[in-house]
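Asker: File entry-v7.cif follows (mmCIF, N, CA and C atoms):
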data_target
#
loop_
_atom_site.label_atom_id
_atom_site.label_comp_id
_atom_site.auth_asym_id
_atom_site.auth_seq_id
_atom_site.Cartn_x
_atom_site.Cartn_y
_atom_site.Cartn_z
N MET A 1 50.05 -2.50 34.57
CA MET A 1 49.04 -2.92 33.61
C MET A 1 49.60 -2.69 32.21
N SER A 2 49.39 -3.63 31.32
CA SER A 2 49.92 -3.51 29.97
C SER A 2 49.13 -2.47 29.17
N HIS A 3 49.76 -1.97 28.12
CA HIS A 3 49.10 -1.00 27.23
C HIS A 3 47.81 -1.58 26.65
N LYS A 4 47.87 -2.87 26.27
CA LYS A 4 46.71 -3.53 25.67
C LYS A 4 45.54 -3.58 26.65
N ASN A 5 45.80 -3.98 27.89
CA ASN A 5 44.74 -4.04 28.89
C ASN A 5 44.17 -2.66 29.19
N ASN A 6 45.06 -1.67 29.27
CA ASN A 6 44.63 -0.30 29.53
C ASN A 6 43.74 0.20 28.39
N LEU A 7 44.13 -0.09 27.15
CA LEU A 7 43.35 0.30 25.98
C LEU A 7 41.98 -0.36 26.01
N GLU A 8 41.93 -1.65 26.33
CA GLU A 8 40.66 -2.37 26.40
C GLU A 8 39.76 -1.79 27.48
N GLN A 9 40.33 -1.47 28.63
CA GLN A 9 39.54 -0.89 29.72
C GLN A 9 38.99 0.47 29.33
N ARG A 10 39.83 1.30 28.69
CA ARG A 10 39.37 2.61 28.23
C ARG A 10 38.24 2.47 27.22
N ALA A 11 38.39 1.52 26.28
CA ALA A 11 37.37 1.29 25.26
C ALA A 11 36.05 0.85 25.90
N GLN A 12 36.12 -0.11 26.82
CA GLN A 12 34.91 -0.60 27.49
C GLN A 12 34.22 0.54 28.25
N LYS A 13 35.01 1.39 28.89
CA LYS A 13 34.45 2.51 29.65
C LYS A 13 33.74 3.49 28.72
N ILE A 14 34.35 3.81 27.58
CA ILE A 14 33.74 4.73 26.62
C ILE A 14 32.43 4.15 26.10
N ILE A 15 32.43 2.87 25.77
CA ILE A 15 31.21 2.22 25.25
C ILE A 15 30.12 2.21 26.32
N LEU A 16 30.49 1.86 27.55
CA LEU A 16 29.52 1.84 28.65
C LEU A 16 28.94 3.23 28.88
N GLU A 17 29.80 4.25 28.86
CA GLU A 17 29.34 5.61 29.12
C GLU A 17 28.49 6.18 27.98
N SER A 18 28.51 5.53 26.81
CA SER A 18 27.68 6.00 25.69
C SER A 18 26.21 5.67 25.93
N GLY A 19 25.96 4.81 26.91
CA GLY A 19 24.59 4.50 27.32
C GLY A 19 23.74 3.86 26.24
N ASP A 20 22.45 4.15 26.29
CA ASP A 20 21.49 3.57 25.34
C ASP A 20 21.69 4.07 23.91
N ASP A 21 22.36 5.22 23.76
CA ASP A 21 22.59 5.78 22.43
C ASP A 21 23.69 5.05 21.69
N GLY A 22 24.57 4.37 22.42
CA GLY A 22 25.69 3.68 21.79
C GLY A 22 26.70 4.67 21.22
N ILE A 23 27.71 4.13 20.56
CA ILE A 23 28.75 4.97 19.97
C ILE A 23 29.15 4.37 18.62
N MET A 24 29.37 5.23 17.66
CA MET A 24 29.83 4.75 16.36
C MET A 24 31.21 4.14 16.55
N GLN A 25 31.44 3.02 15.88
CA GLN A 25 32.73 2.34 15.99
C GLN A 25 33.87 3.30 15.60
N SER A 26 33.67 4.10 14.56
CA SER A 26 34.70 5.04 14.12
C SER A 26 34.97 6.13 15.16
N GLU A 27 33.94 6.52 15.89
CA GLU A 27 34.11 7.51 16.94
C GLU A 27 34.94 6.94 18.09
N LEU A 28 34.75 5.66 18.38
CA LEU A 28 35.54 5.00 19.42
C LEU A 28 37.02 5.03 19.05
N TRP A 29 37.36 4.72 17.79
CA TRP A 29 38.76 4.74 17.36
C TRP A 29 39.37 6.10 17.59
N LYS A 30 38.60 7.14 17.23
CA LYS A 30 39.11 8.52 17.37
C LYS A 30 39.37 8.84 18.84
N LYS A 31 38.44 8.48 19.70
CA LYS A 31 38.60 8.77 21.13
C LYS A 31 39.79 8.03 21.73
N LEU A 32 40.05 6.83 21.21
CA LEU A 32 41.16 6.03 21.73
C LEU A 32 42.49 6.39 21.07
N GLY A 33 42.44 7.05 19.93
CA GLY A 33 43.66 7.38 19.20
C GLY A 33 44.32 6.17 18.56
N VAL A 34 43.49 5.24 18.05
CA VAL A 34 44.00 4.03 17.41
C VAL A 34 43.54 3.98 15.96
N SER A 35 44.14 3.11 15.18
CA SER A 35 43.75 2.93 13.79
C SER A 35 42.40 2.24 13.70
N SER A 36 41.76 2.37 12.52
CA SER A 36 40.47 1.70 12.33
C SER A 36 40.65 0.19 12.43
N ARG A 37 41.78 -0.31 11.99
CA ARG A 37 42.05 -1.75 12.08
C ARG A 37 42.09 -2.21 13.54
N GLU A 38 42.83 -1.47 14.36
CA GLU A 38 42.93 -1.83 15.78
C GLU A 38 41.58 -1.67 16.47
N GLY A 39 40.85 -0.62 16.11
CA GLY A 39 39.52 -0.41 16.68
C GLY A 39 38.55 -1.50 16.31
N SER A 40 38.61 -1.96 15.06
CA SER A 40 37.75 -3.05 14.62
C SER A 40 38.06 -4.34 15.37
N ARG A 41 39.33 -4.59 15.56
CA ARG A 41 39.73 -5.80 16.30
C ARG A 41 39.21 -5.77 17.72
N LEU A 42 39.32 -4.60 18.36
CA LEU A 42 38.79 -4.46 19.73
C LEU A 42 37.29 -4.73 19.76
N ALA A 43 36.55 -4.11 18.84
CA ALA A 43 35.10 -4.28 18.81
C ALA A 43 34.72 -5.74 18.59
N LEU A 44 35.40 -6.40 17.66
CA LEU A 44 35.11 -7.82 17.40
C LEU A 44 35.42 -8.68 18.62
N LYS A 45 36.52 -8.36 19.30
CA LYS A 45 36.90 -9.11 20.50
C LYS A 45 35.83 -8.95 21.59
N PHE A 46 35.38 -7.72 21.79
CA PHE A 46 34.34 -7.47 22.80
C PHE A 46 33.03 -8.17 22.43
N GLU A 47 32.71 -8.16 21.13
CA GLU A 47 31.48 -8.82 20.69
C GLU A 47 31.56 -10.33 20.93
N GLU A 48 32.72 -10.93 20.64
CA GLU A 48 32.90 -12.36 20.87
C GLU A 48 32.79 -12.71 22.34
N LYS A 49 33.28 -11.82 23.21
CA LYS A 49 33.18 -12.05 24.66
C LYS A 49 31.76 -11.81 25.18
N GLY A 50 30.93 -11.18 24.37
CA GLY A 50 29.56 -10.91 24.78
C GLY A 50 29.40 -9.65 25.62
N THR A 51 30.41 -8.77 25.61
CA THR A 51 30.31 -7.56 26.43
C THR A 51 29.70 -6.38 25.68
N ILE A 52 29.65 -6.47 24.34
CA ILE A 52 29.02 -5.42 23.56
C ILE A 52 28.14 -6.04 22.48
N GLU A 53 27.29 -5.19 21.91
CA GLU A 53 26.52 -5.57 20.73
C GLU A 53 26.92 -4.60 19.62
N ARG A 54 27.24 -5.15 18.44
CA ARG A 54 27.56 -4.33 17.27
C ARG A 54 26.35 -4.36 16.35
N ARG A 55 25.81 -3.20 16.04
CA ARG A 55 24.67 -3.10 15.14
C ARG A 55 25.09 -2.40 13.86
N LYS A 56 24.82 -3.04 12.73
CA LYS A 56 25.14 -2.45 11.44
C LYS A 56 24.08 -1.40 11.12
N ILE A 57 24.54 -0.16 10.84
CA ILE A 57 23.62 0.93 10.55
C ILE A 57 24.13 1.73 9.36
N LEU A 58 23.21 2.43 8.70
CA LEU A 58 23.57 3.34 7.62
C LEU A 58 23.83 4.70 8.26
N HIS A 59 25.08 5.16 8.16
CA HIS A 59 25.49 6.41 8.80
C HIS A 59 26.16 7.29 7.76
N GLU A 60 25.55 8.46 7.51
CA GLU A 60 26.09 9.40 6.52
C GLU A 60 26.32 8.73 5.17
N GLY A 61 25.35 7.91 4.76
CA GLY A 61 25.40 7.27 3.45
C GLY A 61 26.31 6.05 3.35
N ARG A 62 26.88 5.62 4.46
CA ARG A 62 27.78 4.45 4.44
C ARG A 62 27.37 3.49 5.55
N TRP A 63 27.58 2.20 5.27
CA TRP A 63 27.32 1.20 6.30
C TRP A 63 28.44 1.23 7.31
N SER A 64 28.07 1.23 8.57
CA SER A 64 29.04 1.25 9.65
C SER A 64 28.45 0.47 10.83
N TYR A 65 29.18 0.48 11.93
CA TYR A 65 28.71 -0.22 13.12
C TYR A 65 28.58 0.75 14.28
N LYS A 66 27.55 0.52 15.05
CA LYS A 66 27.36 1.25 16.29
C LYS A 66 27.50 0.24 17.42
N LEU A 67 28.19 0.63 18.46
CA LEU A 67 28.50 -0.27 19.57
C LEU A 67 27.67 0.07 20.79
N PHE A 68 27.13 -0.96 21.42
CA PHE A 68 26.31 -0.81 22.62
C PHE A 68 26.83 -1.76 23.69
N SER A 69 26.99 -1.26 24.88
CA SER A 69 27.46 -2.08 25.99
C SER A 69 26.35 -3.00 26.48
N LYS A 70 26.73 -4.23 26.81
CA LYS A 70 25.79 -5.16 27.42
C LYS A 70 25.95 -5.15 28.94
N LYS A 71 26.94 -4.39 29.41
CA LYS A 71 27.17 -4.28 30.85
C LYS A 71 26.36 -3.13 31.41
N GLU A 72 26.13 -3.18 32.70
CA GLU A 72 25.43 -2.10 33.38
C GLU A 72 26.24 -1.69 34.60
N TYR A 73 26.07 -0.44 34.99
CA TYR A 73 26.73 0.02 36.20
C TYR A 73 26.16 -0.73 37.40
N VAL A 74 27.01 -1.06 38.35
CA VAL A 74 26.56 -1.67 39.59
C VAL A 74 26.18 -0.54 40.54
N THR A 75 24.98 -0.63 41.07
CA THR A 75 24.50 0.34 42.05
C THR A 75 24.02 -0.44 43.27
N LEU A 76 23.71 0.26 44.32
CA LEU A 76 23.18 -0.41 45.50
C LEU A 76 21.88 -1.14 45.17
N ASP A 77 21.07 -0.56 44.28
CA ASP A 77 19.82 -1.21 43.90
C ASP A 77 20.07 -2.53 43.18
N THR A 78 21.14 -2.61 42.36
CA THR A 78 21.39 -3.82 41.58
C THR A 78 21.89 -4.98 42.43
N ILE A 79 22.46 -4.67 43.61
CA ILE A 79 22.95 -5.75 44.47
C ILE A 79 22.08 -5.95 45.71
N ASN A 80 20.98 -5.22 45.79
CA ASN A 80 20.08 -5.34 46.93
C ASN A 80 19.58 -6.77 47.06
N GLY A 81 19.76 -7.36 48.21
CA GLY A 81 19.30 -8.71 48.47
C GLY A 81 20.28 -9.81 48.08
N CYS A 82 21.43 -9.43 47.55
CA CYS A 82 22.42 -10.44 47.16
C CYS A 82 22.88 -11.21 48.41
N PRO A 83 22.76 -12.54 48.39
CA PRO A 83 23.13 -13.32 49.57
C PRO A 83 24.61 -13.21 49.93
N CYS A 84 25.44 -12.84 48.98
CA CYS A 84 26.88 -12.71 49.25
C CYS A 84 27.16 -11.61 50.29
N MET A 85 26.28 -10.61 50.32
CA MET A 85 26.48 -9.47 51.21
C MET A 85 26.40 -9.87 52.69
N ILE A 86 25.69 -10.96 52.98
CA ILE A 86 25.55 -11.38 54.38
C ILE A 86 26.12 -12.78 54.64
N CYS A 87 26.79 -13.33 53.62
CA CYS A 87 27.31 -14.68 53.75
C CYS A 87 28.45 -14.74 54.76
N GLN A 88 28.36 -15.68 55.68
CA GLN A 88 29.38 -15.86 56.71
C GLN A 88 30.66 -16.50 56.16
N GLU A 89 30.58 -17.07 54.96
CA GLU A 89 31.73 -17.78 54.39
C GLU A 89 32.29 -17.06 53.16
N ILE A 90 32.05 -15.76 53.05
CA ILE A 90 32.48 -15.02 51.88
C ILE A 90 34.00 -15.07 51.69
N ASP A 91 34.75 -15.16 52.78
CA ASP A 91 36.22 -15.21 52.67
C ASP A 91 36.71 -16.54 52.11
N LYS A 92 35.85 -17.55 52.08
CA LYS A 92 36.20 -18.87 51.53
C LYS A 92 35.58 -19.09 50.15
N CYS A 93 34.94 -18.04 49.63
CA CYS A 93 34.17 -18.16 48.40
C CYS A 93 34.97 -17.68 47.19
N PHE A 94 35.33 -18.62 46.35
CA PHE A 94 36.00 -18.34 45.09
C PHE A 94 35.91 -19.58 44.23
N GLU A 95 36.13 -19.41 42.94
CA GLU A 95 36.03 -20.55 42.04
C GLU A 95 36.99 -21.64 42.48
N GLY A 96 36.46 -22.82 42.77
CA GLY A 96 37.27 -23.94 43.24
C GLY A 96 37.51 -23.92 44.74
N GLY A 97 36.96 -22.92 45.44
CA GLY A 97 37.16 -22.79 46.88
C GLY A 97 36.22 -23.66 47.68
N LEU A 98 36.32 -23.57 48.99
CA LEU A 98 35.43 -24.31 49.88
C LEU A 98 33.97 -23.96 49.56
N LYS A 99 33.73 -22.70 49.32
CA LYS A 99 32.44 -22.21 48.85
C LYS A 99 32.71 -21.68 47.44
N ASP A 100 31.85 -21.99 46.48
CA ASP A 100 32.11 -21.62 45.09
C ASP A 100 30.90 -20.89 44.52
N PRO A 101 31.08 -19.66 44.01
CA PRO A 101 29.93 -18.93 43.47
C PRO A 101 29.28 -19.64 42.28
N LEU A 102 30.01 -20.49 41.60
CA LEU A 102 29.45 -21.21 40.45
C LEU A 102 28.45 -22.29 40.87
N SER A 103 28.57 -22.76 42.11
CA SER A 103 27.66 -23.81 42.57
C SER A 103 26.85 -23.40 43.80
N CYS A 104 26.87 -22.14 44.14
CA CYS A 104 26.14 -21.66 45.32
C CYS A 104 24.64 -21.58 45.02
N LEU A 105 23.86 -22.37 45.75
CA LEU A 105 22.41 -22.40 45.52
C LEU A 105 21.74 -21.07 45.89
N ASP A 106 22.22 -20.44 46.97
CA ASP A 106 21.64 -19.15 47.36
C ASP A 106 21.86 -18.10 46.28
N LEU A 107 23.07 -18.03 45.75
CA LEU A 107 23.39 -17.06 44.70
C LEU A 107 22.62 -17.37 43.42
N SER A 108 22.57 -18.65 43.06
CA SER A 108 21.83 -19.05 41.85
C SER A 108 20.36 -18.69 41.96
N SER A 109 19.77 -18.90 43.13
CA SER A 109 18.36 -18.57 43.33
C SER A 109 18.13 -17.07 43.26
N TRP A 110 19.09 -16.28 43.76
CA TRP A 110 18.95 -14.83 43.73
C TRP A 110 19.08 -14.30 42.30
N ILE A 111 20.00 -14.87 41.53
CA ILE A 111 20.21 -14.43 40.14
C ILE A 111 19.03 -14.82 39.27
N SER A 112 18.53 -16.02 39.44
CA SER A 112 17.43 -16.53 38.60
C SER A 112 16.28 -16.97 39.48
N PRO A 113 15.54 -16.00 40.06
CA PRO A 113 14.42 -16.38 40.93
C PRO A 113 13.33 -17.09 40.12
N LYS A 114 12.68 -18.01 40.79
CA LYS A 114 11.57 -18.73 40.16
C LYS A 114 10.38 -17.77 40.03
N SER A 115 9.72 -17.86 38.89
CA SER A 115 8.57 -16.97 38.64
C SER A 115 7.36 -17.40 39.42
#
Would you write the structure of this file as structure tokens?
Answerer:
Amino acid sequence: MSHKNNLEQRAQKIILESGDDGIMQSELWKKLGVSSREGSRLALKFEEKGTIERRKILHEGRWSYKLFSKKEYVTLDTINGCPCMICQEIDKCFEGGLKDPLSCLDLSSWISPKS
């Protein structure tokens, strides 16, 4: 695994583990041991991908950003009832495969149930 990918994974993990309280962007840089410039680039990249939310806040008299993860831990409760768990064709299921999660009606119905 490249240094860049490892750094991104460590950053995502730190942000996720900060929970609902989030983490100051500057605190993330310190934990990762990177410059503020590199830390800012990571945060912007994650925000563009939609994996985090950056909120501008006044912290110790200065404007800064606090980072919040948009991801959640997967637990047994979060996957309860997922049709993939009992699908007989799971070994053929991949993007562009015989079965495709992007067009699977069972999976789509489970993700977005009708009200």
Asker: Identify all residues satisfying the PyMOL selection byres (((chain A and resi 13 and name CA) around 12) and name CA) in the given file; provide them as a ChimeraX atom specification.
Answerer: /A:6-12,14-19,22-23,28,31-32,51-52,68-73
Asker: Could you work out how far CA of Gly81 (chain A) lies from CA of Ile111 (chain A), giving the answer in Å with one decimal?
Answerer: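 About the pair CA of Ile111 (chain A) and CA of Gly81 (chain A): they are 10.1 Å apart.
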Asker: So which residues of region 12-98 of chain A fall under alpha helix (DSSP H) by DSSP, listed as a count of residues only?
Answerer: 32
Asker: Work out how far apart atom N of Glu38 (chain A) and CA of Lys4 (chain A) are and give it in Å to one decimal.
Answerer: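 According to the coordinates, atom N of Glu38 (chain A) and CA of Lys4 (chain A) are separated by 12.1 Å.
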Asker: Residues of chain A in strand (DSSP E or B) according to DSSP, as a list in words?
Answerer: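 So the strand (DSSP E or B) residues in chain A would be Ile23, Met24, Ile52, Glu53, Arg54, Arg55, Lys56, Ile57, Leu58, His59, Arg62, Trp63, Ser64, Tyr65, Lys66, Leu67, Phe68, Ser69, Cys93 and Lys99 of chain A.
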Asker: Mind pulling up the distance from CA of Glu60 (chain A) to CA of Trp29 (chain A)?
Answerer: 17.3 Å
Asker: Taking all listed atoms of region 35-52 of chain A, build the axis-aligned box, pad each of the six sides by 4 Å, then write its centre and edge lengths in Å to one decimal as lines of an AutoDock Vina configuration file.
Answerer:
center_x = 36.1
center_y = -4.8
center_z = 19.2
size_x = 24.0
size_y = 23.8
size_z = 22.4
Asker: Closest to Met24 (chain A) among A:Arg41, A:Glu89, A:Leu67, A:Arg54, using only N, CA and C atoms?
Answerer: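 The closest residue to Met24 (chain A) is A:Leu67.
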Asker: Quick one: residues within 8 Å of Asp106 (chain A), only N, CA and C atoms, excluding same-chain residues fewer than 6 positions away - as a PyMOL selection string?
Answerer: chain A and resi 82-84+112
Asker: My list of candidates is A:Cys93, A:Tyr65, A:Ser109, A:Gln88. Which is closest to Glu27 (chain A) when distances are computed with only C-alpha atoms?
Answerer: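 Closest residue, counting only C-alpha atoms: A:Tyr65.
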Asker: Point out the residue among A:Glu48, A:Ile86, A:Glu53, A:Trp110 with the least atom-to-atom distance to Gln25 (chain A), counting only C-alpha atoms.
Answerer: A:Glu53
